[in-house]
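**Student:** So I've got this file, run.cif, and it contains mmCIF, C-alpha atoms:
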data_target
#
loop_
_atom_site.label_atom_id
_atom_site.label_comp_id
_atom_site.auth_asym_id
_atom_site.auth_seq_id
_atom_site.Cartn_x
_atom_site.Cartn_y
_atom_site.Cartn_z
CA MET K 1 -32.73 -60.55 -11.63
CA ALA K 2 -30.18 -60.03 -14.38
CA ASN K 3 -27.19 -57.75 -14.03
CA THR K 4 -28.58 -55.35 -16.59
CA GLY K 5 -26.47 -52.44 -15.42
CA THR K 6 -23.18 -54.29 -15.18
CA LYS K 7 -20.71 -53.58 -17.91
CA ASP K 8 -17.90 -56.05 -18.31
CA VAL K 9 -14.34 -54.89 -18.80
CA SER K 10 -12.08 -56.71 -21.23
CA TYR K 11 -8.38 -57.38 -20.73
CA GLU K 12 -7.56 -54.72 -23.35
CA GLU K 13 -9.74 -52.10 -21.63
CA LEU K 14 -8.27 -52.82 -18.22
CA LYS K 15 -4.71 -52.92 -19.56
CA ALA K 16 -5.28 -49.43 -20.99
CA LEU K 17 -6.36 -48.16 -17.55
CA VAL K 18 -3.83 -49.86 -15.26
CA GLY K 19 -1.05 -47.47 -14.34
CA LYS K 20 -2.42 -44.79 -16.66
CA SER K 21 -5.82 -43.71 -15.41
CA PRO K 22 -5.91 -41.73 -12.16
CA ASN K 23 -9.61 -42.65 -11.87
CA LEU K 24 -9.14 -46.41 -11.91
CA ILE K 25 -10.20 -48.10 -8.68
CA LEU K 26 -9.46 -51.80 -9.05
CA ILE K 27 -10.83 -54.03 -6.30
CA ASP K 28 -9.58 -57.62 -6.11
CA VAL K 29 -12.10 -59.69 -4.13
CA ARG K 30 -9.98 -62.85 -3.83
CA SER K 31 -8.58 -64.00 -0.48
CA GLU K 32 -5.43 -62.38 0.90
CA GLU K 33 -3.54 -65.64 0.26
CA GLU K 34 -4.54 -65.66 -3.41
CA VAL K 35 -3.62 -62.00 -3.89
CA ALA K 36 -0.23 -62.60 -2.22
CA LYS K 37 0.58 -65.13 -4.97
CA GLY K 38 -0.02 -62.60 -7.72
CA HIS K 39 -2.31 -59.71 -8.63
CA ILE K 40 -2.98 -56.97 -11.14
CA PRO K 41 -0.80 -53.92 -10.41
CA GLY K 42 -2.50 -51.24 -8.34
CA CYS K 43 -5.37 -53.38 -7.10
CA THR K 44 -6.82 -53.08 -3.61
CA ASN K 45 -7.68 -56.36 -1.91
CA ILE K 46 -11.15 -56.44 -0.34
CA PRO K 47 -12.09 -60.13 0.04
CA LEU K 48 -15.60 -60.99 -1.16
CA ASP K 49 -16.98 -61.75 2.31
CA THR K 50 -15.97 -58.25 3.49
CA VAL K 51 -17.13 -56.24 0.45
CA GLU K 52 -20.50 -55.27 1.87
CA THR K 53 -18.97 -54.13 5.17
CA ALA K 54 -16.22 -52.21 3.37
CA PHE K 55 -18.57 -50.30 1.10
CA THR K 56 -20.82 -49.29 4.00
CA MET K 57 -17.90 -47.87 6.03
CA ASN K 58 -17.54 -44.15 6.38
CA PRO K 59 -14.84 -42.70 4.09
CA ASP K 60 -12.29 -42.21 6.90
CA GLU K 61 -12.59 -45.82 8.08
CA PHE K 62 -12.35 -47.07 4.51
CA LYS K 63 -9.18 -45.07 3.83
CA ALA K 64 -7.61 -46.17 7.12
CA LYS K 65 -8.30 -49.84 6.39
CA TYR K 66 -7.60 -50.04 2.66
CA GLY K 67 -5.24 -47.13 2.03
CA ILE K 68 -7.34 -45.65 -0.77
CA LYS K 69 -10.13 -43.12 -0.88
CA LYS K 70 -13.58 -44.69 -0.67
CA PRO K 71 -15.08 -44.68 -4.18
CA GLN K 72 -17.91 -42.27 -4.97
CA LEU K 73 -21.25 -43.91 -5.83
CA ASP K 74 -20.77 -42.87 -9.46
CA ALA K 75 -17.03 -43.60 -9.68
CA PRO K 76 -16.28 -43.69 -13.44
CA GLU K 77 -13.73 -46.51 -13.33
CA LEU K 78 -14.65 -48.79 -10.44
CA VAL K 79 -13.62 -52.28 -11.53
CA PHE K 80 -13.89 -55.53 -9.59
CA SER K 81 -11.80 -58.59 -10.33
CA CYS K 82 -11.12 -62.03 -8.89
CA GLN K 83 -9.66 -65.22 -10.38
CA THR K 84 -12.23 -65.94 -13.09
CA GLY K 85 -14.97 -63.29 -12.80
CA ARG K 86 -17.46 -65.19 -10.64
CA ARG K 87 -16.72 -63.70 -7.21
CA SER K 88 -16.27 -60.22 -8.67
CA GLY K 89 -19.75 -60.60 -10.20
CA LEU K 90 -21.15 -61.42 -6.76
CA ALA K 91 -19.32 -58.42 -5.26
CA ILE K 92 -20.82 -56.14 -7.89
CA SER K 93 -24.32 -57.36 -7.06
CA LYS K 94 -23.66 -56.37 -3.44
CA VAL K 95 -22.27 -52.91 -4.17
CA GLN K 96 -24.96 -52.15 -6.75
CA GLN K 97 -27.52 -52.66 -4.00
CA LEU K 98 -25.60 -50.02 -2.03
CA GLY K 99 -25.85 -47.60 -4.97
CA TYR K 100 -22.56 -48.19 -6.83
CA VAL K 101 -24.27 -48.25 -10.19
CA THR K 102 -21.14 -47.86 -12.33
CA ALA K 103 -19.25 -50.87 -10.92
CA ARG K 104 -17.81 -53.03 -13.69
CA ASN K 105 -16.55 -56.60 -13.78
CA TYR K 106 -13.23 -57.71 -15.24
CA THR K 107 -14.62 -61.12 -16.15
CA GLY K 108 -11.28 -62.55 -17.32
CA GLY K 109 -9.94 -62.14 -13.81
CA TYR K 110 -6.40 -62.75 -12.67
CA SER K 111 -6.46 -66.04 -14.55
CA GLU K 112 -6.66 -64.23 -17.92
CA TRP K 113 -4.43 -61.34 -16.80
CA SER K 114 -1.57 -63.62 -15.73
CA LYS K 115 -1.79 -65.60 -19.00
CA LYS K 116 -1.73 -62.49 -21.18
CA GLU K 117 1.00 -60.87 -19.10
CA GLY K 118 3.06 -64.05 -19.24
CA LYS K 119 3.31 -64.37 -15.47
#
Could you take the file, read its structure, and then write that structure out as structure tokens?
**Tutor:**
Amino acid sequence: MANTGTKDVSYEELKALVGKSPNLILIDVRSEEEVAKGHIPGCTNIPLDTVETAFTMNPDEFKAKYGIKKPQLDAPELVFSCQTGRRSGLAISKVQQLGYVTARNYTGGYSEWSKKEGK
């Protein structure tokens, strides 16, 4: 079962969206501890083991818990990231089963982001 529908996002593409695109919804699926040590600006932390629960919540619960509007199923710029792209790939598999067909993976993850940003 290949991720045929998953489009990867490069560092350059994500960099162009961060802080500029009002549509960008960036979900970091690392643990809270990892995110506390450093993250991509504007990301929302939803740890991998809670992704399925989060994306099945009703919109009011989602907003109350995560502080952002729950993404639409066809959200144009729904991007998942983690440290190296593996966990975000797993998260995307889960949300695609829930109907989030446009979810994309920033495969470079925070590892690449922090290198390129010189953090």
**Student:** Using only C-alpha atoms, which residues sit within 7 Å of region 86-93 of chain K once same-chain residues fewer than 5 positions away are excluded, as a list in words?
**Tutor:**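 The neighbour list is Val29, Leu48, Val51, Phe80, Ser81, Ala103 and Asn105 of chain K.
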**Student:** On this structure, which residues satisfy the PyMOL selection byres ((chain K and resi 111-116) around 8), written as a compact mmCIF listing (two decimals) with C-alpha atoms, in the frame of the given file?
**Tutor:**
# COMPACT_ATOMS: atom_id res chain seq x y z
CA TYR K 11 -8.38 -57.38 -20.73
CA ILE K 40 -2.98 -56.97 -11.14
CA GLN K 83 -9.66 -65.22 -10.38
CA THR K 84 -12.23 -65.94 -13.09
CA GLY K 108 -11.28 -62.55 -17.32
CA GLY K 109 -9.94 -62.14 -13.81
CA TYR K 110 -6.40 -62.75 -12.67
CA GLU K 117 1.00 -60.87 -19.10
CA GLY K 118 3.06 -64.05 -19.24
CA LYS K 119 3.31 -64.37 -15.47
**Student:** Using all atoms listed in the file, find all polymer residues with an atom at most 7 Å away from the point (-1.5, -56.2, -1.6); report them as an mmCIF file with C-alpha atoms, in the frame of the given file.
**Tutor:**
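Final file, selection09.cif:
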data_model
loop_
_atom_site.group_PDB
_atom_site.id
_atom_site.type_symbol
_atom_site.label_atom_id
_atom_site.label_comp_id
_atom_site.auth_asym_id
_atom_site.auth_seq_id
_atom_site.Cartn_x
_atom_site.Cartn_y
_atom_site.Cartn_z
ATOM 1 C CA VAL K 35 -3.620 -62.000 -3.890
ATOM 2 C CA ALA K 36 -0.230 -62.600 -2.220
ATOM 3 C CA THR K 44 -6.820 -53.080 -3.610
ATOM 4 C CA ASN K 45 -7.680 -56.360 -1.910
#
**Student:** Which one of K:Val95, K:Cys82, K:Ala64, K:Leu14 sits closest to Ile27 (chain K) if you count all atoms listed in the file?
**Tutor:**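 So, comparing all the options, the nearest one is K:Cys82.
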**Student:** Run the PyMOL selection byres ((chain K and resi 15-21) around 10) against the file shown and list the residues it catches, as a PyMOL selection string.
**Tutor:** chain K and resi 9-14+22-26+40-43+77+113+117
**Student:** Can you complete the atoms of region 54-83 of chain K to N, CA and C atoms and list them as a short mmCIF file (atom, residue, chain, number, x, y, z; two decimals), in the coordinates of the input?
**Tutor:**
data_model
loop_
_atom_site.label_atom_id
_atom_site.label_comp_id
_atom_site.auth_asym_id
_atom_site.auth_seq_id
_atom_site.Cartn_x
_atom_site.Cartn_y
_atom_site.Cartn_z
N ALA K 54 -17.15 -53.25 3.83
CA ALA K 54 -16.22 -52.21 3.37
C ALA K 54 -16.95 -51.05 2.73
N PHE K 55 -17.89 -51.36 1.86
CA PHE K 55 -18.57 -50.30 1.10
C PHE K 55 -19.68 -49.60 1.88
N THR K 56 -19.90 -50.04 3.13
CA THR K 56 -20.82 -49.29 4.00
C THR K 56 -20.06 -48.50 5.06
N MET K 57 -18.73 -48.64 5.09
CA MET K 57 -17.90 -47.87 6.03
C MET K 57 -17.97 -46.39 5.70
N ASN K 58 -17.66 -45.58 6.72
CA ASN K 58 -17.54 -44.15 6.38
C ASN K 58 -16.19 -43.95 5.68
N PRO K 59 -16.05 -42.89 4.90
CA PRO K 59 -14.84 -42.70 4.09
C PRO K 59 -13.53 -42.73 4.88
N ASP K 60 -13.52 -42.21 6.10
CA ASP K 60 -12.29 -42.21 6.90
C ASP K 60 -11.88 -43.63 7.30
N GLU K 61 -12.87 -44.42 7.72
CA GLU K 61 -12.59 -45.82 8.08
C GLU K 61 -12.07 -46.59 6.88
N PHE K 62 -12.72 -46.37 5.74
CA PHE K 62 -12.35 -47.07 4.51
C PHE K 62 -10.90 -46.76 4.15
N LYS K 63 -10.54 -45.48 4.18
CA LYS K 63 -9.18 -45.07 3.83
C LYS K 63 -8.17 -45.65 4.81
N ALA K 64 -8.51 -45.64 6.10
CA ALA K 64 -7.61 -46.17 7.12
C ALA K 64 -7.37 -47.66 6.91
N LYS K 65 -8.42 -48.39 6.53
CA LYS K 65 -8.30 -49.84 6.39
C LYS K 65 -7.65 -50.25 5.06
N TYR K 66 -8.04 -49.58 3.99
CA TYR K 66 -7.60 -50.04 2.66
C TYR K 66 -6.56 -49.15 1.98
N GLY K 67 -6.30 -47.98 2.56
CA GLY K 67 -5.24 -47.13 2.03
C GLY K 67 -5.61 -46.36 0.77
N ILE K 68 -6.87 -46.43 0.38
CA ILE K 68 -7.34 -45.65 -0.77
C ILE K 68 -8.61 -44.91 -0.37
N LYS K 69 -8.91 -43.86 -1.13
CA LYS K 69 -10.13 -43.12 -0.88
C LYS K 69 -11.34 -43.99 -1.21
N LYS K 70 -12.37 -43.91 -0.39
CA LYS K 70 -13.58 -44.69 -0.67
C LYS K 70 -14.19 -44.19 -1.98
N PRO K 71 -14.52 -45.11 -2.89
CA PRO K 71 -15.08 -44.68 -4.18
C PRO K 71 -16.40 -43.92 -4.02
N GLN K 72 -16.62 -42.96 -4.90
CA GLN K 72 -17.91 -42.27 -4.97
C GLN K 72 -18.93 -43.25 -5.56
N LEU K 73 -20.20 -43.02 -5.30
CA LEU K 73 -21.25 -43.91 -5.83
C LEU K 73 -21.21 -43.98 -7.36
N ASP K 74 -20.79 -42.88 -7.99
CA ASP K 74 -20.77 -42.87 -9.46
C ASP K 74 -19.35 -42.89 -10.01
N ALA K 75 -18.43 -43.53 -9.25
CA ALA K 75 -17.03 -43.60 -9.68
C ALA K 75 -16.96 -44.09 -11.13
N PRO K 76 -16.26 -43.35 -12.01
CA PRO K 76 -16.28 -43.69 -13.44
C PRO K 76 -15.53 -44.97 -13.79
N GLU K 77 -14.54 -45.33 -12.99
CA GLU K 77 -13.73 -46.51 -13.33
C GLU K 77 -13.54 -47.40 -12.12
N LEU K 78 -14.67 -47.86 -11.57
CA LEU K 78 -14.65 -48.79 -10.44
C LEU K 78 -14.77 -50.20 -11.02
N VAL K 79 -13.68 -50.96 -10.91
CA VAL K 79 -13.62 -52.28 -11.53
C VAL K 79 -13.34 -53.33 -10.46
N PHE K 80 -14.09 -54.42 -10.51
CA PHE K 80 -13.89 -55.53 -9.59
C PHE K 80 -13.30 -56.70 -10.35
N SER K 81 -12.36 -57.40 -9.70
CA SER K 81 -11.80 -58.59 -10.33
C SER K 81 -11.60 -59.67 -9.28
N CYS K 82 -11.45 -60.91 -9.77
CA CYS K 82 -11.12 -62.03 -8.89
C CYS K 82 -10.26 -62.99 -9.71
N GLN K 83 -10.48 -64.28 -9.60
CA GLN K 83 -9.66 -65.22 -10.38
C GLN K 83 -10.27 -65.44 -11.77
#
